[in-house]
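Data from protein_5.txt: compact mmCIF, C-alpha atoms
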# COMPACT_ATOMS: atom_id res chain seq x y z
CA MET A 5 -11.70 -28.30 14.29
CA MET A 6 -12.99 -24.80 15.09
CA PRO A 7 -16.74 -24.36 14.83
CA ILE A 8 -17.73 -22.03 12.01
CA HIS A 9 -19.86 -19.78 14.18
CA ARG A 10 -16.68 -18.44 15.79
CA PHE A 11 -15.68 -16.97 12.45
CA LEU A 12 -19.12 -15.65 11.63
CA PRO A 13 -18.56 -12.19 13.16
CA LEU A 14 -15.40 -11.82 11.12
CA LEU A 15 -17.37 -12.56 7.97
CA VAL A 16 -20.39 -10.43 8.80
CA LEU A 17 -18.72 -7.34 10.26
CA PRO A 18 -17.13 -6.21 6.99
CA LEU A 19 -20.51 -6.48 5.29
CA LEU A 20 -22.10 -4.21 7.87
CA GLY A 21 -19.55 -1.57 7.01
CA GLY A 22 -20.96 -1.44 3.50
CA CYS A 23 -19.40 -1.56 0.09
CA THR A 24 -19.39 1.68 -1.84
CA ALA A 25 -18.37 1.68 -5.46
CA LEU A 26 -17.87 4.48 -7.92
CA GLN A 27 -19.84 3.87 -11.11
CA SER A 28 -19.11 6.99 -13.11
CA VAL A 29 -17.35 10.33 -12.82
CA SER A 30 -17.23 13.37 -15.06
CA VAL A 31 -15.77 16.87 -14.88
CA THR A 32 -16.58 19.90 -17.00
CA GLN A 33 -14.30 22.87 -17.51
CA ILE A 34 -13.52 24.80 -14.35
CA PRO A 35 -14.00 28.58 -14.18
CA THR A 36 -11.62 31.17 -12.79
CA ASP A 37 -14.29 32.57 -10.49
CA ARG A 38 -14.94 29.88 -7.88
CA SER A 39 -16.62 32.06 -5.28
CA ARG A 40 -20.12 30.60 -5.66
CA PRO A 41 -20.07 26.82 -5.21
CA VAL A 42 -23.21 24.81 -5.87
CA ARG A 43 -23.95 21.25 -4.81
CA ALA A 44 -26.79 18.81 -5.26
CA GLU A 45 -27.23 15.19 -4.29
CA VAL A 46 -29.93 12.65 -5.04
CA THR A 47 -30.23 9.14 -3.67
CA ASN A 48 -32.38 6.14 -4.31
CA THR A 49 -32.55 3.25 -1.85
CA ALA A 50 -34.06 -0.14 -2.51
CA LEU A 51 -34.25 -3.51 -0.83
CA LEU A 52 -32.24 -6.25 -2.50
CA GLY A 53 -31.10 -3.75 -5.10
CA ILE A 54 -34.41 -3.87 -6.96
CA HIS A 55 -35.03 -0.39 -8.34
CA PHE A 56 -38.21 0.26 -10.26
CA ASP A 57 -37.23 3.47 -12.03
CA ASN A 58 -34.53 6.10 -12.36
CA ASP A 59 -36.74 9.10 -11.62
CA PHE A 60 -34.67 10.15 -8.64
CA LEU A 61 -32.27 11.73 -11.11
CA ASP A 62 -34.90 14.23 -12.22
CA ASP A 63 -34.46 16.24 -9.03
CA LEU A 64 -30.77 16.87 -9.57
CA THR A 65 -30.91 19.51 -12.31
CA PRO A 66 -33.70 21.62 -10.71
CA GLU A 67 -31.78 21.65 -7.45
CA LEU A 68 -28.64 22.90 -9.20
CA LEU A 69 -30.62 25.52 -11.12
CA ARG A 70 -32.28 26.69 -7.93
CA GLN A 71 -28.88 27.52 -6.50
CA CYS A 72 -27.83 29.39 -9.64
CA PRO A 73 -30.97 30.88 -11.21
CA HIS A 74 -29.36 33.56 -13.38
CA GLY A 75 -25.86 32.25 -13.90
CA ARG A 76 -24.00 29.51 -15.67
CA ILE A 77 -23.04 26.31 -13.87
CA THR A 78 -19.64 24.99 -14.75
CA GLY A 79 -16.75 23.14 -13.16
CA LEU A 80 -19.27 20.42 -12.48
CA LEU A 81 -17.90 17.28 -10.84
CA THR A 82 -20.51 14.54 -11.10
CA LYS A 83 -20.13 11.26 -9.25
CA GLN A 84 -22.44 8.30 -9.51
CA GLU A 85 -21.86 5.77 -6.77
CA SER A 86 -23.62 2.76 -5.38
CA ALA A 87 -23.56 1.43 -1.84
CA LEU A 88 -24.59 -1.98 -0.59
CA TYR A 89 -25.45 -2.58 3.06
CA VAL A 90 -26.27 -6.29 3.44
CA ILE A 91 -29.67 -6.28 1.68
CA VAL A 92 -30.14 -2.57 1.08
CA ALA A 93 -28.71 -0.97 -2.04
CA THR A 94 -28.41 2.77 -2.46
CA ARG A 95 -27.66 4.66 -5.62
CA ARG A 96 -26.34 8.18 -5.23
CA VAL A 97 -25.47 10.94 -7.67
CA ILE A 98 -23.54 13.93 -6.36
CA ALA A 99 -22.95 17.02 -8.48
CA SER A 100 -20.83 19.92 -7.28
CA GLY A 101 -19.66 22.90 -9.28
CA TYR A 102 -19.62 26.67 -9.52
CA CYS A 103 -22.16 29.30 -10.45
CA VAL A 104 -20.65 31.88 -12.78
CA TYR A 105 -22.11 35.19 -13.91
CA ASP A 106 -20.64 36.14 -17.26
CA GLN A 107 -19.62 39.79 -17.64
CA ALA A 108 -19.96 40.14 -21.41
CA PRO A 109 -22.48 37.66 -22.78
CA ALA A 110 -22.33 39.15 -26.30
CA ALA A 111 -18.70 38.15 -26.91
CA PRO A 112 -18.18 34.89 -28.78
CA ALA A 113 -16.43 32.02 -27.10
CA ALA A 114 -12.68 31.93 -27.58
CA SER A 115 -11.61 29.70 -30.38
CA VAL A 116 -8.94 27.09 -29.95
CA ALA A 117 -6.68 29.21 -32.19
CA SER A 118 -6.50 31.98 -29.58
CA ILE A 119 -5.11 29.61 -26.98
CA VAL A 120 -1.39 28.95 -27.02
CA LEU A 121 -1.19 25.24 -26.49
CA PRO A 122 1.62 23.68 -24.50
CA PRO A 123 3.89 21.26 -26.33
CA GLU A 124 2.73 17.67 -26.13
CA PRO A 125 5.22 15.35 -24.47
CA MET A 126 7.11 13.70 -27.33
CA PRO A 127 7.43 9.91 -27.36
CA ALA A 128 10.88 8.49 -26.84
CA PRO A 129 12.72 7.95 -30.15
CA THR A 130 13.04 4.40 -31.34
CA PRO A 131 16.51 2.96 -32.03
CA GLU A 132 15.86 3.21 -35.82
CA GLU A 133 15.53 6.98 -35.53
CA HIS A 134 19.07 7.48 -34.20
CA MET B 2 -0.60 -31.91 -9.23
CA ARG B 3 -3.57 -30.17 -7.66
CA ALA B 4 -1.29 -28.41 -5.17
CA ILE B 5 0.90 -27.10 -7.97
CA ALA B 6 -2.12 -25.75 -9.82
CA PHE B 7 -3.35 -24.10 -6.65
CA ILE B 8 0.03 -22.46 -5.97
CA GLY B 9 0.22 -21.30 -9.58
CA LEU B 10 -3.24 -19.74 -9.39
CA LEU B 11 -2.41 -18.14 -6.07
CA GLY B 12 0.77 -16.67 -7.51
CA LEU B 13 -1.13 -15.27 -10.47
CA LEU B 14 -3.69 -13.64 -8.20
CA ALA B 15 -1.04 -12.32 -5.83
CA SER B 16 0.90 -10.66 -8.62
CA GLY B 17 -1.85 -8.09 -9.14
CA CYS B 18 -1.34 -8.02 -12.87
CA THR B 19 -4.92 -7.27 -13.89
CA TYR B 20 -6.16 -3.82 -14.73
CA SER B 21 -9.61 -2.61 -15.56
CA MET B 22 -10.47 0.65 -17.31
CA HIS B 23 -14.00 1.73 -16.46
CA GLU B 24 -14.35 5.12 -18.04
CA TYR B 25 -12.48 7.78 -19.96
CA GLN B 26 -13.98 11.16 -20.57
CA ALA B 27 -12.63 14.17 -22.43
CA GLY B 28 -14.39 17.45 -22.89
CA GLY B 29 -14.79 21.09 -22.00
CA TYR B 30 -12.58 22.62 -24.66
CA ALA B 31 -14.62 25.83 -25.12
CA ALA B 32 -12.75 28.47 -23.14
CA ALA B 33 -14.64 31.49 -21.87
CA PRO B 34 -13.73 34.71 -23.71
CA ASN B 35 -11.37 37.08 -21.92
CA GLY B 36 -10.11 39.29 -24.73
CA GLY B 37 -6.51 38.26 -25.31
CA PRO B 38 -4.42 35.21 -26.06
CA ARG B 39 -3.72 32.89 -23.20
CA GLN B 40 -1.02 30.43 -22.36
CA ALA B 41 -2.02 26.87 -21.56
CA GLU B 42 -0.19 24.54 -19.25
CA TRP B 43 -0.86 20.88 -18.58
CA ILE B 44 -1.86 20.02 -15.05
CA HIS B 45 -2.42 16.58 -13.61
CA ALA B 46 -4.12 15.21 -10.50
CA ARG B 47 -4.47 11.67 -9.26
CA GLY B 48 -6.53 10.06 -6.52
CA GLU B 49 -6.27 6.50 -5.23
CA GLN B 50 -8.25 4.27 -2.94
CA SER B 51 -7.01 0.90 -1.74
CA VAL B 52 -9.81 -1.54 -1.02
CA ILE B 53 -9.36 -4.82 0.86
CA LEU B 54 -12.00 -7.52 0.50
CA GLY B 55 -14.24 -5.02 -1.27
CA VAL B 56 -15.09 -3.11 1.88
CA THR B 57 -15.15 0.67 1.61
CA ASP B 58 -17.66 3.34 2.48
CA ASN B 59 -16.79 6.36 0.38
CA THR B 60 -15.52 7.70 -2.92
CA ASP B 61 -13.66 10.65 -1.42
CA TYR B 62 -10.56 10.00 -3.49
CA VAL B 63 -12.36 11.57 -6.45
CA ASP B 64 -12.99 14.76 -4.46
CA HIS B 65 -9.36 14.84 -3.40
CA ALA B 66 -8.18 14.55 -7.00
CA TYR B 67 -10.56 17.32 -8.04
CA ALA B 68 -9.36 19.57 -5.19
CA ASP B 69 -5.77 18.85 -6.17
CA LEU B 70 -6.54 19.87 -9.76
CA LEU B 71 -8.08 23.14 -8.55
CA ASP B 72 -5.11 23.88 -6.32
CA GLN B 73 -2.77 23.73 -9.30
CA CYS B 74 -4.54 26.42 -11.29
CA ALA B 75 -5.90 29.79 -10.23
CA GLY B 76 -7.24 30.46 -13.71
CA GLU B 77 -9.65 28.65 -15.97
CA VAL B 78 -9.25 24.91 -16.41
CA VAL B 79 -10.27 23.50 -19.79
CA GLY B 80 -9.95 20.22 -21.64
CA VAL B 81 -10.45 18.03 -18.60
CA ASN B 82 -9.61 14.40 -19.35
CA THR B 83 -10.82 12.03 -16.67
CA ARG B 84 -9.78 8.40 -16.39
CA PHE B 85 -11.28 5.98 -13.91
CA SER B 86 -9.62 2.59 -13.58
CA THR B 87 -8.98 -0.22 -11.14
CA SER B 88 -5.89 -2.33 -10.63
CA LEU B 89 -6.58 -5.71 -9.09
CA GLY B 90 -4.43 -7.42 -6.49
CA PHE B 91 -4.67 -10.35 -4.16
CA LEU B 92 -7.94 -10.07 -2.23
CA SER B 93 -7.80 -6.35 -2.82
CA TYR B 94 -7.93 -3.73 -5.53
CA LYS B 95 -7.00 -0.12 -6.02
CA ASN B 96 -9.35 2.44 -7.55
CA VAL B 97 -7.53 5.17 -9.44
CA ILE B 98 -8.90 8.42 -10.80
CA GLU B 99 -6.68 10.55 -12.99
CA MET B 100 -7.52 14.04 -14.18
CA ARG B 101 -5.44 15.78 -16.83
CA ALA B 102 -6.37 19.24 -18.01
CA MET B 103 -5.05 22.53 -19.32
CA CYS B 104 -4.69 25.53 -17.05
CA LEU B 105 -5.19 28.83 -18.87
CA HIS B 106 -3.48 32.01 -17.81
CA ASP B 107 -2.80 35.26 -19.60
CA ALA B 108 0.09 35.05 -22.04
CA ALA B 109 3.09 37.24 -21.27
CA PRO B 110 3.08 40.45 -23.36
CA ALA B 111 5.32 40.34 -26.43
CA LYS B 112 8.60 42.28 -26.06

Encoding of this model in structure tokens:
Amino acid sequence: MMPIHRFLPLLVLPLLGGCTALQSVSVTQIPTDRSRPVRAEVTNTALLGIHFDNDFLDDLTPELLRQCPHGRITGLLTKQESALYVIVATRRVIASGYCVYDQAPAAPAASVASIVLPPEPMPAPTPEEH
Amino acid sequence: MRAIAFIGLLGLLASGCTYSMHEYQAGGYAAAPNGGPRQAEWIHARGEQSVILGVTDNTDYVDHAYADLLDQCAGEVVGVNTRFSTSLGFLSYKNVIEMRAMCLHDAAPAK
């Protein structure tokens, strides 16, 4: 019978590596002009995963706006992830996108009717339809 | 009897037949004005991450899927549909992110 303490490093080592999990992801429409990337990240660390508020998120938007003060931020990829390192839990939100300066702000947004949509993939016909 | 139940449970777990959908998001259908009609084309990107015993230290597969989506379209990308799911296997699981969107480019002039 092997003593259990011989296996302890095998059990503990993976935990030290941490477990990161994606909680949420979102993407907004992506512009043609991708020459001005913007990125902001906020984190919140707590012992035993006990967080007392969600105020760390409040810094995300000002940081993005600071990098694009007179433009429009779009193509925004937002990831919310959590990481657990033994007894320390970290929440992290990462937002990256593009700052766009519109040329003609007076023009209305294009309607769906002005976009030629691609054909949707048709479902396979059922035997009754033959 | 107990051994048979154990083997049956093990076989069920090993088959990896469980899937979990975490999130589906669709949006961004307001194209920026550019003056003329445009042609849309479906583009698709997928990122995967295999995780064994729950140990992983990043979510880079999402960034890779996003970069792949950008590489497929030099123009504007609208109508981004994002699906985040997990397929479960034996002592492991696979995170999957799928992005499906429309790439807009200027329509060819009518002859």

Proximity of chain B to chain A: per-residue shortest pair, 6 Å limit, all atoms listed in the file, as a tab-separated table:
residue	atom	partner	partner_atom	distance
B:Gly29	CA	A:Gln33	CA	4.9
B:Ala32	CA	A:Ala114	CA	5.6
B:Ala33	CA	A:Ala113	CA	5.6
B:Pro34	CA	A:Ala114	CA	4.9
B:Pro38	CA	A:Ser118	CA	5.2
B:Arg39	CA	A:Ile119	CA	5.2
B:Gln40	CA	A:Val120	CA	4.9
B:Ala41	CA	A:Leu121	CA	5.3
B:Glu42	CA	A:Pro122	CA	5.6
B:Val56	CA	A:Cys23	CA	4.9
B:Thr57	CA	A:Cys23	CA	5.0
B:Asp58	CA	A:Thr24	CA	4.9
B:Asn59	CA	A:Thr24	CA	5.8
B:Gly76	CA	A:Thr36	CA	4.5
B:Glu77	CA	A:Thr36	CA	4.5
B:Val78	CA	A:Ile34	CA	4.7
B:Val79	CA	A:Gln33	CA	4.7

Within 8 Å of Leu54 (chain B), counting only C-alpha atoms, which residues qualify if same-chain residues fewer than 2 places away don't, as a list in words?
-> Val52, Val56, Leu92 and Ser93 of chain B

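Take CA of Arg95 (chain A) and CA of Thr65 (chain A): the distance between them is 16.6 Å.
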
By how many Å are CA of Lys95 (chain B) and CA of Asp61 (chain B) apart?
->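 These two atoms are separated by 13.5 Å.
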
For CA of Arg96 (chain A) and CA of Asp57 (chain A), determine how far apart the two atoms are, in Å to one decimal place.
->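 A separation of 13.7 Å between them.
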
Might you pull out every residue within 9 Å of Ser86 (chain B), with all atoms listed in the file counted and same-chain residues fewer than 4 positions away left off, and present them as a list in words?
->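 The residues that qualify are Tyr20, Ser21, Met22, His23, Glu24, Tyr25, Lys95, Asn96, Val97, Ile98 and Glu99 of chain B.
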
Taking (-32.4, -7.6, -0.8) in the file's own coordinates, collect the residues within 9 Å, counting all atoms listed in the file, and hand them back as JSON, numbers by chain.
-> {"A": [50, 51, 52, 53, 54, 90, 91, 92, 93]}

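Proximity of A:His55, A:Arg10, A:Ile98, A:Cys103 to Gln71 (chain A), computed with all atoms listed in the file, is greatest for A:Cys103.
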
Residues near Ile77 (chain A), cut-off 8 Å, all atoms listed in the file, skip fewer than 6 positions along chain, as a PyMOL selection string | chain A and resi 101-104

Output file for the residues above (C-alpha atoms, as a compact mmCIF listing (two decimals), in the frame of the given file):
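Writing the result to again-v5.txt gives the following:
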# COMPACT_ATOMS: atom_id res chain seq x y z
CA GLY A 101 -19.66 22.90 -9.28
CA TYR A 102 -19.62 26.67 -9.52
CA CYS A 103 -22.16 29.30 -10.45
CA VAL A 104 -20.65 31.88 -12.78

The residue from B:Thr87, B:Asn35, B:Thr60, B:Asn82 with the smallest atom-to-atom distance to Met103 (chain B), counting all atoms listed in the file, is B:Asn82

Spatial neighbours of Leu68 (chain A), 7 Å, only C-alpha atoms, chain gap at least 6 places, as a list of chain:residue names =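 Residues meeting the cut-off are A:Val42, A:Arg43, A:Ala44.
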
Return the single residue from B:Arg3, B:Ser51, B:Leu10, B:Ala27 that is closest to Leu89 (chain B), with distances computed using all atoms listed in the file.
->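 Smallest separation from Leu89 (chain B) among the options: B:Ser51.
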